[in-house]
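To be precise, the following lines are upload07.cif, and they hold mmCIF, N, CA, C and O atoms.
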data_data
loop_
_atom_site.label_atom_id
_atom_site.label_comp_id
_atom_site.auth_asym_id
_atom_site.auth_seq_id
_atom_site.Cartn_x
_atom_site.Cartn_y
_atom_site.Cartn_z
N MET A 594 27.35 -6.81 23.70
CA MET A 594 27.88 -6.49 24.99
C MET A 594 27.97 -7.72 25.88
O MET A 594 28.33 -7.63 27.03
N SER A 595 27.63 -8.86 25.34
CA SER A 595 27.63 -10.06 26.15
C SER A 595 29.04 -10.48 26.56
O SER A 595 29.23 -11.13 27.58
N GLY A 596 30.05 -10.11 25.80
CA GLY A 596 31.41 -10.49 26.12
C GLY A 596 32.11 -9.52 27.06
O GLY A 596 33.23 -9.77 27.50
N VAL A 597 31.48 -8.41 27.39
CA VAL A 597 32.09 -7.40 28.24
C VAL A 597 31.82 -7.73 29.70
O VAL A 597 30.68 -7.92 30.09
N LYS A 598 32.89 -7.83 30.48
CA LYS A 598 32.73 -8.07 31.91
C LYS A 598 32.98 -6.77 32.65
O LYS A 598 33.91 -6.05 32.35
N ARG A 599 32.12 -6.49 33.61
CA ARG A 599 32.23 -5.29 34.40
C ARG A 599 32.73 -5.63 35.79
O ARG A 599 32.28 -6.61 36.39
N LYS A 600 33.68 -4.87 36.29
CA LYS A 600 34.17 -5.11 37.64
C LYS A 600 33.11 -4.66 38.64
O LYS A 600 32.60 -3.55 38.55
N ARG A 601 32.77 -5.55 39.55
CA ARG A 601 31.80 -5.21 40.58
C ARG A 601 32.52 -4.94 41.88
O ARG A 601 33.35 -5.73 42.31
N ASN A 602 32.22 -3.83 42.48
CA ASN A 602 32.76 -3.53 43.80
C ASN A 602 31.80 -4.10 44.83
O ASN A 602 30.61 -3.82 44.80
N VAL A 603 32.33 -4.92 45.72
CA VAL A 603 31.51 -5.58 46.73
C VAL A 603 32.10 -5.27 48.10
O VAL A 603 33.32 -5.25 48.26
N LEU A 604 31.23 -5.04 49.07
CA LEU A 604 31.70 -4.79 50.42
C LEU A 604 32.24 -6.09 51.03
O LEU A 604 31.64 -7.14 50.87
N ASN A 605 33.38 -5.99 51.73
CA ASN A 605 33.88 -7.17 52.42
C ASN A 605 33.17 -7.31 53.76
O ASN A 605 32.40 -6.43 54.17
N VAL A 606 33.43 -8.38 54.47
CA VAL A 606 32.73 -8.68 55.72
C VAL A 606 32.94 -7.57 56.74
O VAL A 606 31.97 -7.12 57.39
N ASN A 607 34.17 -7.09 56.90
CA ASN A 607 34.44 -6.04 57.89
C ASN A 607 33.69 -4.75 57.56
O ASN A 607 33.18 -4.07 58.44
N GLN A 608 33.64 -4.41 56.27
CA GLN A 608 32.93 -3.19 55.85
C GLN A 608 31.44 -3.34 56.13
O GLN A 608 30.79 -2.40 56.58
N LYS A 609 30.89 -4.52 55.86
CA LYS A 609 29.46 -4.76 56.13
C LYS A 609 29.17 -4.65 57.62
O LYS A 609 28.18 -4.04 58.03
N LEU A 610 30.04 -5.26 58.45
CA LEU A 610 29.84 -5.21 59.90
C LEU A 610 29.90 -3.77 60.41
O LEU A 610 29.09 -3.37 61.25
N GLU A 611 30.85 -2.99 59.91
CA GLU A 611 30.98 -1.60 60.33
C GLU A 611 29.72 -0.80 59.98
O GLU A 611 29.22 -0.02 60.78
N ILE A 612 29.20 -1.03 58.80
CA ILE A 612 27.98 -0.33 58.37
C ILE A 612 26.79 -0.76 59.22
O ILE A 612 25.98 0.06 59.65
N LEU A 613 26.69 -2.06 59.50
CA LEU A 613 25.59 -2.55 60.34
C LEU A 613 25.67 -1.97 61.75
O LEU A 613 24.65 -1.62 62.35
N GLN A 614 26.89 -1.85 62.29
CA GLN A 614 27.05 -1.25 63.62
C GLN A 614 26.61 0.20 63.62
O GLN A 614 25.97 0.67 64.56
N LYS A 615 26.93 0.92 62.57
CA LYS A 615 26.51 2.32 62.48
C LYS A 615 24.98 2.40 62.42
O LYS A 615 24.38 3.27 63.05
N LEU A 616 24.38 1.51 61.65
CA LEU A 616 22.93 1.51 61.56
C LEU A 616 22.30 1.18 62.92
O LEU A 616 21.29 1.78 63.30
N ASP A 617 22.89 0.23 63.64
CA ASP A 617 22.39 -0.11 64.98
C ASP A 617 22.47 1.07 65.93
O ASP A 617 21.64 1.23 66.82
N ASN A 618 23.48 1.91 65.74
CA ASN A 618 23.65 3.10 66.59
C ASN A 618 22.82 4.28 66.11
O ASN A 618 22.93 5.37 66.65
N GLY A 619 22.03 4.08 65.08
CA GLY A 619 21.17 5.14 64.58
C GLY A 619 21.87 6.10 63.63
O GLY A 619 21.32 7.14 63.28
N GLU A 620 23.09 5.76 63.22
CA GLU A 620 23.83 6.62 62.31
C GLU A 620 23.49 6.27 60.86
O GLU A 620 23.04 5.18 60.56
N SER A 621 23.74 7.21 59.98
CA SER A 621 23.56 6.96 58.55
C SER A 621 24.82 6.29 58.00
O SER A 621 25.92 6.75 58.26
N ALA A 622 24.64 5.23 57.26
CA ALA A 622 25.78 4.51 56.70
C ALA A 622 25.76 4.50 55.19
O ALA A 622 26.62 3.91 54.56
N SER A 623 24.80 5.17 54.59
CA SER A 623 24.69 5.11 53.13
C SER A 623 25.89 5.73 52.44
O SER A 623 26.36 5.20 51.44
N THR A 624 26.41 6.82 52.97
CA THR A 624 27.56 7.45 52.32
C THR A 624 28.80 6.58 52.45
O THR A 624 29.62 6.54 51.54
N ASP A 625 28.94 5.86 53.56
CA ASP A 625 30.07 4.94 53.71
C ASP A 625 30.01 3.83 52.67
O ASP A 625 31.00 3.50 52.04
N ALA A 626 28.83 3.27 52.49
CA ALA A 626 28.67 2.20 51.51
C ALA A 626 28.93 2.72 50.11
O ALA A 626 29.62 2.08 49.31
N GLU A 627 28.40 3.90 49.79
CA GLU A 627 28.61 4.48 48.47
C GLU A 627 30.09 4.74 48.24
O GLU A 627 30.61 4.49 47.15
N HIS A 628 30.78 5.23 49.26
CA HIS A 628 32.21 5.52 49.13
C HIS A 628 32.99 4.25 48.81
O HIS A 628 33.82 4.23 47.91
N VAL A 629 32.70 3.17 49.53
CA VAL A 629 33.41 1.91 49.31
C VAL A 629 33.09 1.37 47.93
O VAL A 629 33.97 0.92 47.20
N LEU A 630 31.83 1.42 47.55
CA LEU A 630 31.43 0.85 46.26
C LEU A 630 31.95 1.66 45.08
O LEU A 630 32.18 1.14 44.01
N ASN A 631 32.16 2.95 45.28
CA ASN A 631 32.63 3.81 44.20
C ASN A 631 34.13 4.03 44.22
O ASN A 631 34.66 4.80 43.43
N GLU A 632 34.84 3.35 45.14
CA GLU A 632 36.26 3.58 45.31
C GLU A 632 37.04 3.48 44.00
O GLU A 632 37.90 4.28 43.72
N GLY A 633 36.74 2.49 43.19
CA GLY A 633 37.47 2.29 41.95
C GLY A 633 37.10 3.28 40.87
O GLY A 633 37.77 3.40 39.85
N ASN A 634 36.02 4.03 41.07
CA ASN A 634 35.51 4.94 40.04
C ASN A 634 35.74 6.40 40.39
O ASN A 634 35.15 7.27 39.78
N ILE A 635 36.57 6.66 41.36
CA ILE A 635 36.76 8.04 41.82
C ILE A 635 37.76 8.76 40.92
O ILE A 635 38.80 8.24 40.59
N ILE A 636 37.40 9.97 40.53
CA ILE A 636 38.30 10.82 39.75
C ILE A 636 38.88 11.86 40.71
O ILE A 636 38.18 12.34 41.61
N SER A 637 40.13 12.16 40.55
CA SER A 637 40.77 13.11 41.45
C SER A 637 40.23 14.51 41.21
O SER A 637 39.75 14.83 40.12
N HIS A 638 40.35 15.34 42.24
CA HIS A 638 39.91 16.73 42.10
C HIS A 638 40.71 17.44 41.02
O HIS A 638 40.16 18.21 40.24
N SER A 639 42.01 17.18 40.99
CA SER A 639 42.83 17.88 40.00
C SER A 639 42.47 17.46 38.58
O SER A 639 42.44 18.30 37.67
N ALA A 640 42.14 16.18 38.38
CA ALA A 640 41.72 15.74 37.05
C ALA A 640 40.38 16.35 36.67
O ALA A 640 40.18 16.77 35.53
N ALA A 641 39.47 16.43 37.64
CA ALA A 641 38.17 17.05 37.38
C ALA A 641 38.34 18.53 37.05
O ALA A 641 37.72 19.05 36.12
N LEU A 642 39.19 19.20 37.82
CA LEU A 642 39.43 20.62 37.59
C LEU A 642 40.03 20.86 36.21
O LEU A 642 39.61 21.76 35.50
N GLN A 643 40.97 20.02 35.83
CA GLN A 643 41.59 20.15 34.51
C GLN A 643 40.54 19.95 33.41
O GLN A 643 40.51 20.69 32.42
N SER A 644 39.65 18.98 33.59
CA SER A 644 38.60 18.74 32.60
C SER A 644 37.66 19.93 32.49
O SER A 644 37.27 20.33 31.38
N VAL A 645 37.28 20.49 33.63
CA VAL A 645 36.37 21.63 33.61
C VAL A 645 37.04 22.84 32.99
O VAL A 645 36.42 23.59 32.22
N GLU A 646 38.32 23.05 33.29
CA GLU A 646 39.04 24.18 32.68
C GLU A 646 39.18 24.00 31.17
O GLU A 646 39.08 24.97 30.41
N THR A 647 39.37 22.75 30.73
CA THR A 647 39.42 22.48 29.29
C THR A 647 38.06 22.79 28.66
O THR A 647 37.99 23.37 27.57
N LEU A 648 36.99 22.41 29.36
CA LEU A 648 35.65 22.71 28.87
C LEU A 648 35.44 24.23 28.77
O LEU A 648 34.86 24.71 27.80
N LEU A 649 35.94 24.97 29.75
CA LEU A 649 35.83 26.43 29.71
C LEU A 649 36.54 27.00 28.49
O LEU A 649 36.01 27.90 27.82
N ASP A 650 37.73 26.49 28.21
CA ASP A 650 38.47 26.95 27.03
C ASP A 650 37.66 26.69 25.76
O ASP A 650 37.54 27.55 24.89
N TYR A 651 37.10 25.50 25.67
CA TYR A 651 36.30 25.12 24.51
C TYR A 651 35.09 26.04 24.37
O TYR A 651 34.79 26.54 23.28
N MET A 652 34.41 26.27 25.50
CA MET A 652 33.22 27.11 25.47
C MET A 652 33.57 28.53 25.04
O MET A 652 32.81 29.17 24.31
N GLY A 653 34.72 29.04 25.50
CA GLY A 653 35.15 30.38 25.12
C GLY A 653 35.44 30.47 23.64
O GLY A 653 35.10 31.46 22.98
N GLN A 654 36.07 29.43 23.09
CA GLN A 654 36.40 29.42 21.66
C GLN A 654 35.15 29.33 20.79
O GLN A 654 35.12 29.87 19.69
N ARG A 655 34.14 28.64 21.29
CA ARG A 655 32.92 28.42 20.49
C ARG A 655 31.86 29.47 20.71
O ARG A 655 30.80 29.42 20.12
N GLY A 656 32.14 30.43 21.59
CA GLY A 656 31.19 31.52 21.79
C GLY A 656 29.93 31.14 22.54
O GLY A 656 28.84 31.60 22.22
N PHE A 657 30.08 30.28 23.54
CA PHE A 657 28.92 29.89 24.34
C PHE A 657 28.37 31.08 25.10
O PHE A 657 29.05 32.08 25.31
N ASP A 658 27.14 30.96 25.54
CA ASP A 658 26.44 31.99 26.30
C ASP A 658 27.18 32.28 27.61
O ASP A 658 27.71 31.38 28.26
N TYR A 659 27.19 33.55 28.00
CA TYR A 659 27.88 33.97 29.22
C TYR A 659 27.36 33.23 30.45
O TYR A 659 28.13 32.85 31.33
N GLY A 660 26.05 33.02 30.53
CA GLY A 660 25.46 32.31 31.67
C GLY A 660 25.97 30.89 31.78
O GLY A 660 26.21 30.39 32.89
N ASP A 661 26.14 30.21 30.65
CA ASP A 661 26.66 28.84 30.66
C ASP A 661 28.11 28.82 31.12
O ASP A 661 28.51 27.96 31.91
N ILE A 662 28.90 29.78 30.64
CA ILE A 662 30.30 29.86 31.04
C ILE A 662 30.41 30.15 32.53
O ILE A 662 31.24 29.56 33.24
N THR A 663 29.55 31.02 33.03
CA THR A 663 29.55 31.35 34.46
C THR A 663 29.22 30.12 35.29
O THR A 663 29.82 29.88 36.34
N ALA A 664 28.28 29.31 34.83
CA ALA A 664 27.91 28.08 35.56
C ALA A 664 29.09 27.11 35.62
O ALA A 664 29.35 26.49 36.66
N VAL A 665 29.84 27.01 34.53
CA VAL A 665 31.00 26.12 34.51
C VAL A 665 32.11 26.68 35.40
O VAL A 665 32.80 25.93 36.10
N ARG A 666 32.27 28.00 35.42
CA ARG A 666 33.26 28.61 36.32
C ARG A 666 32.92 28.31 37.77
O ARG A 666 33.80 28.10 38.60
N LYS A 667 31.64 28.29 38.09
CA LYS A 667 31.19 27.95 39.45
C LYS A 667 31.63 26.54 39.81
O LYS A 667 32.01 26.27 40.94
N LEU A 668 31.61 25.63 38.83
CA LEU A 668 32.10 24.27 39.08
C LEU A 668 33.57 24.29 39.47
O LEU A 668 33.98 23.57 40.37
N CYS A 669 34.35 25.12 38.79
CA CYS A 669 35.78 25.24 39.13
C CYS A 669 35.95 25.71 40.57
O CYS A 669 36.77 25.16 41.32
N VAL A 670 35.17 26.70 40.96
CA VAL A 670 35.25 27.22 42.33
C VAL A 670 34.86 26.13 43.32
O VAL A 670 35.55 25.93 44.34
N ASP A 671 33.80 25.39 43.03
CA ASP A 671 33.35 24.33 43.93
C ASP A 671 34.41 23.23 44.07
O ASP A 671 34.67 22.75 45.17
N ILE A 672 35.04 22.86 42.97
CA ILE A 672 36.08 21.83 43.01
C ILE A 672 37.27 22.32 43.83
O ILE A 672 37.81 21.59 44.66
N ARG A 673 37.68 23.57 43.61
CA ARG A 673 38.81 24.12 44.38
C ARG A 673 38.50 24.18 45.87
O ARG A 673 39.35 23.88 46.71
N GLN A 674 37.26 24.56 46.21
CA GLN A 674 36.87 24.61 47.62
C GLN A 674 36.92 23.21 48.24
O GLN A 674 37.39 23.04 49.37
N GLU A 675 36.46 22.22 47.51
CA GLU A 675 36.49 20.84 47.99
C GLU A 675 37.93 20.36 48.17
O GLU A 675 38.27 19.71 49.15
N MET A 676 38.80 20.72 47.22
CA MET A 676 40.22 20.36 47.32
C MET A 676 40.83 21.00 48.57
O MET A 676 41.55 20.33 49.32
N ASN A 677 40.54 22.26 48.80
CA ASN A 677 41.08 22.97 49.97
C ASN A 677 40.57 22.35 51.27
O ASN A 677 41.33 22.21 52.24
N LYS A 678 39.29 21.98 51.29
CA LYS A 678 38.71 21.38 52.49
C LYS A 678 39.39 20.05 52.80
O LYS A 678 39.76 19.78 53.94
N GLU A 679 39.60 19.22 51.78
CA GLU A 679 40.25 17.93 51.99
C GLU A 679 41.70 18.11 52.41
O GLU A 679 42.20 17.37 53.25
N GLN A 680 42.38 19.10 51.82
CA GLN A 680 43.77 19.36 52.19
C GLN A 680 43.85 19.79 53.66
O GLN A 680 44.73 19.35 54.39
N LYS A 681 42.92 20.63 54.09
CA LYS A 681 42.90 21.09 55.47
C LYS A 681 42.64 19.90 56.42
O LYS A 681 43.29 19.76 57.45
N GLN A 682 41.73 19.01 56.02
CA GLN A 682 41.45 17.84 56.85
C GLN A 682 42.67 16.92 56.94
O GLN A 682 42.96 16.38 58.01
N ARG A 683 43.41 16.78 55.83
CA ARG A 683 44.63 15.96 55.85
C ARG A 683 45.67 16.56 56.77
O ARG A 683 46.35 15.85 57.52
N ARG A 684 45.81 17.89 56.75
CA ARG A 684 46.78 18.55 57.62
C ARG A 684 46.44 18.33 59.08
O ARG A 684 47.31 18.06 59.91
N ILE A 685 45.17 18.45 59.42
CA ILE A 685 44.74 18.24 60.80
C ILE A 685 44.99 16.80 61.21
O ILE A 685 45.52 16.54 62.30
N THR A 686 44.64 15.86 60.34
CA THR A 686 44.88 14.44 60.64
C THR A 686 46.36 14.16 60.81
O THR A 686 46.76 13.47 61.76
N ASP A 687 47.17 14.71 59.93
CA ASP A 687 48.63 14.51 60.01
C ASP A 687 49.18 15.12 61.30
O ASP A 687 50.08 14.54 61.92
N PHE A 688 48.65 16.26 61.70
CA PHE A 688 49.11 16.92 62.93
C PHE A 688 48.87 16.02 64.14
O PHE A 688 49.73 15.86 64.99
N PHE A 689 47.68 15.39 64.19
CA PHE A 689 47.36 14.56 65.34
C PHE A 689 48.04 13.20 65.30
O PHE A 689 48.16 12.53 66.32
N LYS A 690 48.53 12.79 64.14
CA LYS A 690 49.25 11.53 64.03
C LYS A 690 50.65 11.64 64.60
O LYS A 690 51.25 10.66 65.00
N GLN A 691 51.20 12.85 64.61
CA GLN A 691 52.58 13.05 65.05
C GLN A 691 52.75 12.90 66.52
O GLN A 691 52.10 13.03 67.38
#

Kindly return the structure encoded in the file as structure tokens.
Amino acid sequence: MSGVKRKRNVLNVNQKLEILQKLDNGESASTDAEHVLNEGNIISHSAALQSVETLLDYMGQRGFDYGDITAVRKLCVDIRQEMNKEQKQRRITDFFKQ
């Protein structure tokens, strides 16, 4: 693995300053830093949903336990709820931009 290079996400100066200002104001900045650092590793909700639905199909074909299938279905519901929440936030943001 010595020849494998991994891309490192690093905060730029402006991002660091913004996080430091939030910390000075007593706000939590950990989620902001995590978001910036994970930006390149984010999977879309639709891709995640498709993967979970594929897993459900597989589990159904293989006769998995009902409780396990129910838990995976809950993941689908959670992903859809998150998608709807983000879509609603985008609509509100777009409304105020106009």

Exactly which residues make up the result of the PyMOL selection byres (((chain A and resi 638 and name CA) around 9) and name CA) on this file, given as a PDB file with N, CA, C and O atoms, keeping the file's coordinate frame?
ATOM      1  N   ILE A 636      37.400   9.970  40.530  1.00  0.00           N
ATOM      2  CA  ILE A 636      38.300  10.820  39.750  1.00  0.00           C
ATOM      3  C   ILE A 636      38.880  11.860  40.710  1.00  0.00           C
ATOM      4  O   ILE A 636      38.180  12.340  41.610  1.00  0.00           O
ATOM      5  N   SER A 637      40.130  12.160  40.550  1.00  0.00           N
ATOM      6  CA  SER A 637      40.770  13.110  41.450  1.00  0.00           C
ATOM      7  C   SER A 637      40.230  14.510  41.210  1.00  0.00           C
ATOM      8  O   SER A 637      39.750  14.830  40.120  1.00  0.00           O
ATOM      9  N   SER A 639      42.010  17.180  40.990  1.00  0.00           N
ATOM     10  CA  SER A 639      42.830  17.880  40.000  1.00  0.00           C
ATOM     11  C   SER A 639      42.470  17.460  38.580  1.00  0.00           C
ATOM     12  O   SER A 639      42.440  18.300  37.670  1.00  0.00           O
ATOM     13  N   ALA A 640      42.140  16.180  38.380  1.00  0.00           N
ATOM     14  CA  ALA A 640      41.720  15.740  37.050  1.00  0.00           C
ATOM     15  C   ALA A 640      40.380  16.350  36.670  1.00  0.00           C
ATOM     16  O   ALA A 640      40.180  16.770  35.530  1.00  0.00           O
ATOM     17  N   ALA A 641      39.470  16.430  37.640  1.00  0.00           N
ATOM     18  CA  ALA A 641      38.170  17.050  37.380  1.00  0.00           C
ATOM     19  C   ALA A 641      38.340  18.530  37.050  1.00  0.00           C
ATOM     20  O   ALA A 641      37.720  19.050  36.120  1.00  0.00           O
ATOM     21  N   LEU A 642      39.190  19.200  37.820  1.00  0.00           N
ATOM     22  CA  LEU A 642      39.430  20.620  37.590  1.00  0.00           C
ATOM     23  C   LEU A 642      40.030  20.860  36.210  1.00  0.00           C
ATOM     24  O   LEU A 642      39.610  21.760  35.500  1.00  0.00           O
ATOM     25  N   GLN A 643      40.970  20.020  35.830  1.00  0.00           N
ATOM     26  CA  GLN A 643      41.590  20.150  34.510  1.00  0.00           C
ATOM     27  C   GLN A 643      40.540  19.950  33.410  1.00  0.00           C
ATOM     28  O   GLN A 643      40.510  20.690  32.420  1.00  0.00           O
ATOM     29  N   ILE A 672      35.040  22.860  42.970  1.00  0.00           N
ATOM     30  CA  ILE A 672      36.080  21.830  43.010  1.00  0.00           C
ATOM     31  C   ILE A 672      37.270  22.320  43.830  1.00  0.00           C
ATOM     32  O   ILE A 672      37.810  21.590  44.660  1.00  0.00           O
ATOM     33  N   ARG A 673      37.680  23.570  43.610  1.00  0.00           N
ATOM     34  CA  ARG A 673      38.810  24.120  44.380  1.00  0.00           C
ATOM     35  C   ARG A 673      38.500  24.180  45.870  1.00  0.00           C
ATOM     36  O   ARG A 673      39.350  23.880  46.710  1.00  0.00           O
ATOM     37  N   GLU A 675      36.460  22.220  47.510  1.00  0.00           N
ATOM     38  CA  GLU A 675      36.490  20.840  47.990  1.00  0.00           C
ATOM     39  C   GLU A 675      37.930  20.360  48.170  1.00  0.00           C
ATOM     40  O   GLU A 675      38.270  19.710  49.150  1.00  0.00           O
ATOM     41  N   MET A 676      38.800  20.720  47.220  1.00  0.00           N
ATOM     42  CA  MET A 676      40.220  20.360  47.320  1.00  0.00           C
ATOM     43  C   MET A 676      40.830  21.000  48.570  1.00  0.00           C
ATOM     44  O   MET A 676      41.550  20.330  49.320  1.00  0.00           O
TER      45      MET A 676
END

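Picked out by the PyMOL selection byres (((chain A and resi 662 and name CA) around 12) and name CA) when it runs on this file: Val645, Glu646, Thr647, Leu648, Leu649, Asp650, Tyr651, Met652, Gly653, Gln654, Arg655, Gly656, Phe657, Asp658, Tyr659, Gly660, Asp661, Thr663, Ala664, Val665, Arg666, Lys667, Leu668 and Cys669 of chain A.
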
When you draw a straight line from CA of Phe689 in chain A to atom C of Asn677 in chain A, how long is it in Å? 17.5 Å

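When atom N of Arg683 in chain A is paired with atom O of Glu611 in chain A, their separation reads 22.5 Å.
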
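With CA of Gln682 in chain A on one side and atom C of Val670 in chain A on the other, the separation reads 17.2 Å.
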